[in-house]
Structure formats: structure tokens, C-alpha cells
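Asks: As input, take work-v5.txt (compact mmCIF, C-alpha atoms and all ligand atoms):
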# COMPACT_ATOMS: atom_id res chain seq x y z
CA MET A 1 55.17 55.31 75.23
CA HIS A 2 54.69 56.79 71.79
CA LEU A 3 57.33 57.19 69.12
CA ASP A 4 56.93 59.90 66.53
CA PHE A 5 58.72 58.29 63.59
CA THR A 6 58.52 61.53 61.63
CA SER A 7 61.02 63.07 64.06
CA LEU A 8 63.37 60.09 64.54
CA SER A 9 66.73 59.93 62.78
CA PRO A 10 67.09 57.07 60.27
CA ARG A 11 69.32 55.18 62.71
CA GLU A 12 66.84 55.58 65.56
CA ALA A 13 63.99 54.46 63.30
CA TYR A 14 66.05 51.44 62.20
CA SER A 15 66.81 50.54 65.81
CA TRP A 16 63.12 50.59 66.85
CA MET A 17 62.05 48.64 63.76
CA ALA A 18 64.82 46.04 64.10
CA THR A 19 63.95 45.38 67.76
CA THR A 20 60.18 45.15 67.28
CA ILE A 21 59.56 43.56 63.86
CA LEU A 22 60.45 40.03 65.00
CA PRO A 23 61.50 37.41 64.19
CA ARG A 24 62.85 38.12 60.72
CA PRO A 25 63.81 35.35 58.29
CA ILE A 26 67.27 35.66 56.78
CA ALA A 27 68.01 35.72 53.06
CA TRP A 28 71.65 34.69 52.58
CA VAL A 29 72.16 36.13 49.14
CA SER A 30 74.78 35.12 46.59
CA THR A 31 75.51 37.41 43.67
CA ILE A 32 78.24 37.79 41.07
CA SER A 33 79.93 40.85 39.56
CA ALA A 34 80.25 41.51 35.84
CA ASP A 35 83.84 40.22 35.98
CA GLY A 36 82.80 37.01 37.75
CA LYS A 37 83.64 37.73 41.43
CA THR A 38 81.18 36.05 43.79
CA ASN A 39 79.63 37.75 46.84
CA LEU A 40 77.58 36.47 49.79
CA ALA A 41 75.72 38.53 52.43
CA PRO A 42 72.75 38.11 54.83
CA PHE A 43 69.61 40.29 54.75
CA SER A 44 66.79 40.04 57.30
CA PHE A 45 64.45 42.55 55.69
CA PHE A 46 63.24 39.59 53.61
CA GLN A 47 59.90 38.04 52.70
CA GLY A 48 57.97 36.02 50.18
CA VAL A 49 55.75 38.29 48.07
CA CYS A 50 53.41 36.16 45.96
CA ALA A 51 53.17 32.83 44.14
CA ASN A 52 51.77 34.10 40.81
CA PRO A 53 54.43 34.64 39.63
CA PRO A 54 56.66 33.14 42.36
CA THR A 55 58.33 36.21 43.84
CA LEU A 56 60.36 37.13 46.91
CA MET A 57 61.95 40.34 48.11
CA PHE A 58 64.86 41.45 50.29
CA VAL A 59 66.32 44.84 51.07
CA PRO A 60 69.96 45.86 50.90
CA VAL A 61 69.98 49.39 52.28
CA ASN A 62 72.72 51.89 51.53
CA THR A 63 75.62 52.09 53.99
CA ARG A 64 75.80 54.78 56.67
CA GLU A 65 77.96 56.71 54.21
CA GLY A 66 75.23 56.41 51.56
CA ALA A 67 77.10 53.93 49.32
CA LYS A 68 75.49 50.93 47.65
CA LYS A 69 76.42 47.57 49.15
CA ASP A 70 78.20 45.00 46.96
CA THR A 71 74.99 42.98 46.66
CA THR A 72 73.19 45.97 45.13
CA ARG A 73 76.10 46.78 42.80
CA ASN A 74 76.32 43.19 41.61
CA ILE A 75 72.58 42.80 40.97
CA GLU A 76 72.56 46.06 39.02
CA ALA A 77 75.37 44.61 36.84
CA VAL A 78 74.19 40.97 36.71
CA PRO A 79 70.44 40.84 37.53
CA GLU A 80 70.40 37.39 39.11
CA PHE A 81 70.82 36.08 42.66
CA VAL A 82 70.37 33.06 44.89
CA VAL A 83 68.54 33.32 48.23
CA ASN A 84 69.97 30.62 50.50
CA LEU A 85 68.20 29.86 53.80
CA VAL A 86 70.18 29.66 57.04
CA PRO A 87 69.90 26.72 59.46
CA PHE A 88 71.31 26.89 62.99
CA ALA A 89 74.37 24.89 61.85
CA LEU A 90 75.39 27.65 59.39
CA GLY A 91 74.74 30.60 61.73
CA GLU A 92 78.39 31.40 62.39
CA GLN A 93 79.31 31.36 58.71
CA MET A 94 76.28 33.51 57.89
CA ASN A 95 77.34 36.03 60.53
CA ALA A 96 80.96 36.06 59.29
CA SER A 97 79.74 36.81 55.77
CA ALA A 98 78.16 40.07 56.99
CA ALA A 99 81.67 41.58 57.11
CA MET A 100 82.10 44.56 54.81
CA LEU A 101 84.84 43.26 52.53
CA PRO A 102 86.31 45.39 49.72
CA HIS A 103 84.28 45.21 46.51
CA GLY A 104 85.35 42.14 44.54
CA GLU A 105 86.60 40.14 47.55
CA SER A 106 84.47 37.01 47.94
CA GLU A 107 82.98 36.01 51.30
CA PHE A 108 82.80 32.45 49.94
CA GLU A 109 86.59 32.35 49.59
CA LYS A 110 87.45 34.47 52.64
CA PHE A 111 85.34 32.37 55.05
CA GLY A 112 85.71 28.97 53.37
CA ILE A 113 82.01 28.62 52.51
CA ALA A 114 81.58 25.87 49.92
CA THR A 115 79.64 26.68 46.75
CA ALA A 116 77.54 24.52 44.47
CA PRO A 117 76.75 25.56 40.90
CA SER A 118 73.31 26.99 40.19
CA GLN A 119 71.23 25.60 37.33
CA ARG A 120 69.62 28.69 35.81
CA VAL A 121 71.57 31.71 37.14
CA ARG A 122 75.24 32.65 37.25
CA PRO A 123 75.79 33.19 41.01
CA PRO A 124 76.57 29.92 42.81
CA ARG A 125 74.55 28.74 45.80
CA VAL A 126 75.71 27.83 49.31
CA ALA A 127 76.32 24.08 49.06
CA ALA A 128 75.26 23.34 52.66
CA ALA A 129 72.10 25.47 52.65
CA PRO A 130 69.02 23.22 53.04
CA VAL A 131 66.99 25.45 50.68
CA ALA A 132 68.20 27.78 47.92
CA PHE A 133 66.06 29.81 45.54
CA GLU A 134 67.57 30.74 42.18
CA CYS A 135 66.08 34.08 41.11
CA THR A 136 66.21 36.58 38.30
CA LEU A 137 65.69 40.22 39.16
CA ASP A 138 62.09 41.33 38.64
CA ARG A 139 62.69 44.97 39.62
CA ILE A 140 64.47 47.21 42.08
CA VAL A 141 62.32 49.70 43.98
CA HIS A 142 64.29 52.57 45.49
CA ILE A 143 62.85 54.04 48.69
CA GLY A 144 64.53 57.15 50.10
CA GLU A 145 67.93 58.55 49.24
CA GLY A 146 71.35 58.51 50.88
CA PRO A 147 72.36 56.65 54.08
CA LEU A 148 70.09 53.68 54.98
CA ALA A 149 67.83 54.29 51.96
CA ALA A 150 66.48 51.07 50.46
CA ASN A 151 67.09 49.20 47.24
CA VAL A 152 64.22 46.72 47.44
CA MET A 153 65.08 43.68 45.32
CA PHE A 154 62.17 41.71 43.92
CA GLY A 155 63.23 38.33 42.56
CA ARG A 156 61.38 35.89 40.33
CA ILE A 157 62.01 32.36 41.64
CA LEU A 158 63.10 30.01 38.83
CA VAL A 159 64.38 26.97 40.73
CA ALA A 160 64.46 25.87 44.36
CA HIS A 161 66.94 23.36 45.71
CA VAL A 162 65.57 21.53 48.76
CA SER A 163 67.75 19.08 50.64
CA ASP A 164 66.22 15.61 51.02
CA ALA A 165 67.47 15.70 54.63
CA VAL A 166 64.77 18.23 55.60
CA LEU A 167 61.83 16.25 54.16
CA ASP A 168 59.44 14.02 56.09
CA ALA A 169 58.15 10.62 54.92
CA GLU A 170 55.50 12.28 52.72
CA GLY A 171 58.06 14.50 51.01
CA HIS A 172 56.95 17.68 52.81
CA VAL A 173 59.38 20.03 54.50
CA ASP A 174 59.73 19.30 58.22
CA ALA A 175 60.34 22.65 59.96
CA ALA A 176 62.18 20.94 62.83
CA LYS A 177 64.59 19.31 60.39
CA LEU A 178 64.98 22.60 58.53
CA ASP A 179 65.97 24.23 61.85
CA LEU A 180 66.28 27.76 60.45
CA ILE A 181 67.30 30.78 62.46
CA GLY A 182 65.54 34.15 62.54
CA ARG A 183 66.93 37.49 63.50
CA LEU A 184 65.84 39.46 66.57
CA GLY A 185 67.27 42.87 67.53
CA GLY A 186 71.02 43.41 67.88
CA ASP A 187 72.98 40.16 68.03
CA ALA A 188 70.04 37.96 69.08
CA TYR A 189 68.49 35.12 67.05
CA VAL A 190 65.72 32.54 67.41
CA ARG A 191 65.37 29.00 66.10
CA THR A 192 62.27 27.72 64.30
CA ARG A 193 62.25 24.60 66.47
CA ASP A 194 60.02 26.26 69.10
CA MET A 195 56.63 25.58 67.51
CA PHE A 196 52.93 25.46 68.36
CA GLU A 197 49.75 25.08 66.29
CA LEU A 198 46.58 27.14 65.87
CA ILE A 199 43.75 25.47 63.94
CA ARG A 200 42.17 27.98 61.57
CA PRO A 201 38.39 28.55 61.92
C1 LIG A 301 71.47 38.57 60.30
C2 LIG A 301 71.80 39.80 59.52
C3 LIG A 301 70.80 40.46 58.83
C4 LIG A 301 71.11 41.60 58.06
N1 LIG A 301 70.09 42.21 57.38
C5 LIG A 301 70.36 43.27 56.58
C6 LIG A 301 69.33 43.88 55.80
O1 LIG A 301 68.16 43.47 55.82
N2 LIG A 301 69.68 44.91 54.99
C7 LIG A 301 70.96 45.34 54.89
O2 LIG A 301 71.23 46.27 54.11
N3 LIG A 301 71.96 44.81 55.63
C8 LIG A 301 71.69 43.77 56.45
N4 LIG A 301 72.70 43.18 57.17
C9 LIG A 301 74.06 43.69 57.01
C10 LIG A 301 74.71 43.18 55.72
O3 LIG A 301 74.78 41.76 55.73
C11 LIG A 301 76.15 43.74 55.61
O4 LIG A 301 76.07 45.14 55.42
C12 LIG A 301 76.97 43.12 54.51
O5 LIG A 301 78.31 43.51 54.64
C13 LIG A 301 76.52 43.54 53.12
O6 LIG A 301 77.35 42.84 52.21
P1 LIG A 301 77.68 43.30 50.75
O7 LIG A 301 78.33 44.68 50.80
O8 LIG A 301 78.62 42.22 50.30
O9 LIG A 301 76.39 43.33 49.98
C14 LIG A 301 72.43 42.07 57.99
C15 LIG A 301 73.44 41.42 58.70
C16 LIG A 301 73.13 40.28 59.47
C17 LIG A 301 74.22 39.58 60.22
Would you write out, as C-alpha cells, the structure that this file holds?
Replies:
Amino acid sequence: MHLDFTSLSPREAYSWMATTILPRPIAWVSTISADGKTNLAPFSFFQGVCANPPTLMFVPVNTREGAKKDTTRNIEAVPEFVVNLVPFALGEQMNASAAMLPHGESEFEKFGIATAPSQRVRPPRVAAAPVAFECTLDRIVHIGEGPLAANVMFGRILVAHVSDAVLDAEGHVDAAKLDLIGRLGGDAYVRTRDMFELIRP
């Protein structure tokens, strides 16, 4: 079959993209409002961008009503965030934190997710996350307008917290110990424990 994306509605386009661009890593992003209220939400349109300077990106889109999500509003007010990674053990809490709470109500408090202070940015990190990247905002790139339009957040990585529990004897990250989850379409996820190797020519 062929899909003419120029004639799909935004929701149809999203559905086809979300069920084919797989698996997607999950940025579990903590932010803080100007008056100090914390916020936590997952985003699977997420990737590393480059190492010089160390940069990552994730994409909070506008709501179906065209409003900015709390994450976008907070980063516009306080241009800092923490990208926490999500192991299988934290999947349920990550999913709970995707609830659309009223602006200013903290998912950390509502769902009992423990915080740890960050070193270089104001938003706290998820204490139990095996990896957390403290970032300052590099820039926001707006793509489209209205419902489902994107606010692409580019973050400069200042500090990474890596749990000793996910390191091997040489001090390298062991992907099996990290045991992250990735998002598939709908409510489906994968685990990074299913691995194989390809030796590069
Ligand atoms: C696994 C997962 C991945 C998600 N990925 C995205 C995404 O890439 N972009 C987005 O705008 N919303 C995404 N969402 C939905 C947001 O998490 C949800 O809208 C959340 O309420 C936004 O929170 P906020 O208003 O506190 O920023 C995702 C939800 C889940 C469970």
C-alpha cells in the first residue's frame, strides 16, 4: 500500500508514524515552573543529536486543542530540564506520569516518584532512574502550528548521572543491566534485553 502523507490528517499521520518508527527511546523529562512547581512527563520522539557540543532533542507537541503542554511552558519560563531514562522497573510510574494534570500540579508528588537534586540545573531528577542528563535549553524549533504541531527542544548536556548498578567490571554501561524500555505503537513497549551483534566491516 501507499500512503499519501500530504492528504492525511495530523492524527492519521501521527498514527502511521508512531506505529512504524520503532522502537523509540523514552525521555522522561523533569522541568520546573517559574514559581518552583516541578513537572515530569515522558516523550518518545527523542534522540541524541551530536557530541560536539553534547546535545539531545525531544519533542513535546501541542495538545489536540492546540495548547502547549506543561513541559513546553516550563522550559519557556525556566530553560533547563533533566532527561531521565526509563528502565523496565519504572515503566508503570513513567506511564502514570503521562496523565494530563492541571498546570502546576506535580507528577512527582501525585504519583509518589522520588526526586534527587540536580547539580547544575533547577529541575530535580528521578532518583531511581539509572541515567539522567542535566541539560540547559539550546533552542526550541517550532514546526507547524496548532494541534499536534511540534516544539522541538534541543538540550545541551551538562552532567550525566549514571548508576553504578548498570556498569560492568570495566566501568562501561551494560545494556542488559540498564534494561531500558522503548515505545512501540499504542500501548506496546519493548525491552533492550533482546540483543544481537553485527560486526562492522
Ligand atoms: C511512552 C510515552 C511517550 C510519549 N511521547 C510523547 C511525545 O513524544 N510527544 C508528546 O508531545 N507527548 C508524548 N507523550 C504524551 C505526554 O507524555 C503527555 O501528553 C503528558 O501529559 C505531557 O505532560 P505535560 O503536560 O506535563 O508536559 C507520550 C506518552 C507516553 C506514555
Asks: For A:Leu90, please output as an MDAnalysis selection string all residues within 12 Å (counting all atoms listed in the file; exclusion window: fewer than 6 positions along the same chain).
Replies: chainID A and resid 26 28 42 84 96:97 111 113:114 126:130 178:181
Asks: Could you list, as a PyMOL selection string, all protein and nucleic acid residues with an atom at most 6 Å from ligand LIG 301 (chain A), counting all atoms listed in the file?
Replies: chain A and resi 39-45+59-61+69-71+95+98-100+183
Asks: Could you list, as number ranges by chain, every residue within 12 Å of A:Met195, counting all atoms listed in the file and ignoring same-chain residues fewer than 5 positions away?
Replies: A: 174-176, 179, 190
Asks: Could you check which of A:Leu184, A:Val29, A:Ala18, A:Ala165 is closest to A:Cys135, using all atoms listed in the file?
Replies: A:Val29
Asks: With distances taken over all atoms listed in the file, which of A:Phe5, A:Phe88, A:Phe81, A:Phe46 is nearest to A:Lys177?
Replies: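 Of A:Phe5, A:Phe88, A:Phe81, A:Phe46, the one nearest A:Lys177 is A:Phe88, counting all atoms listed in the file.
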Asks: Quick one: residues within 9 Å of A:Ile32, all atoms listed in the file counted, chain neighbours fewer than 2 positions away excluded, as an mmCIF file with C-alpha atoms, in the coordinates of the input?
Replies:
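Saved result, result-v5.cif, follows:
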data_model
loop_
_atom_site.group_PDB
_atom_site.id
_atom_site.type_symbol
_atom_site.label_atom_id
_atom_site.label_comp_id
_atom_site.auth_asym_id
_atom_site.auth_seq_id
_atom_site.Cartn_x
_atom_site.Cartn_y
_atom_site.Cartn_z
ATOM 1 C CA SER A 30 74.780 35.120 46.590
ATOM 2 C CA ALA A 34 80.250 41.510 35.840
ATOM 3 C CA ASP A 35 83.840 40.220 35.980
ATOM 4 C CA GLY A 36 82.800 37.010 37.750
ATOM 5 C CA LYS A 37 83.640 37.730 41.430
ATOM 6 C CA THR A 38 81.180 36.050 43.790
ATOM 7 C CA ASN A 39 79.630 37.750 46.840
ATOM 8 C CA LEU A 40 77.580 36.470 49.790
ATOM 9 C CA THR A 71 74.990 42.980 46.660
ATOM 10 C CA ASN A 74 76.320 43.190 41.610
ATOM 11 C CA ILE A 75 72.580 42.800 40.970
ATOM 12 C CA ALA A 77 75.370 44.610 36.840
ATOM 13 C CA VAL A 78 74.190 40.970 36.710
ATOM 14 C CA GLU A 80 70.400 37.390 39.110
ATOM 15 C CA PHE A 81 70.820 36.080 42.660
ATOM 16 C CA ARG A 122 75.240 32.650 37.250
ATOM 17 C CA PRO A 123 75.790 33.190 41.010
ATOM 18 C CA PRO A 124 76.570 29.920 42.810
#
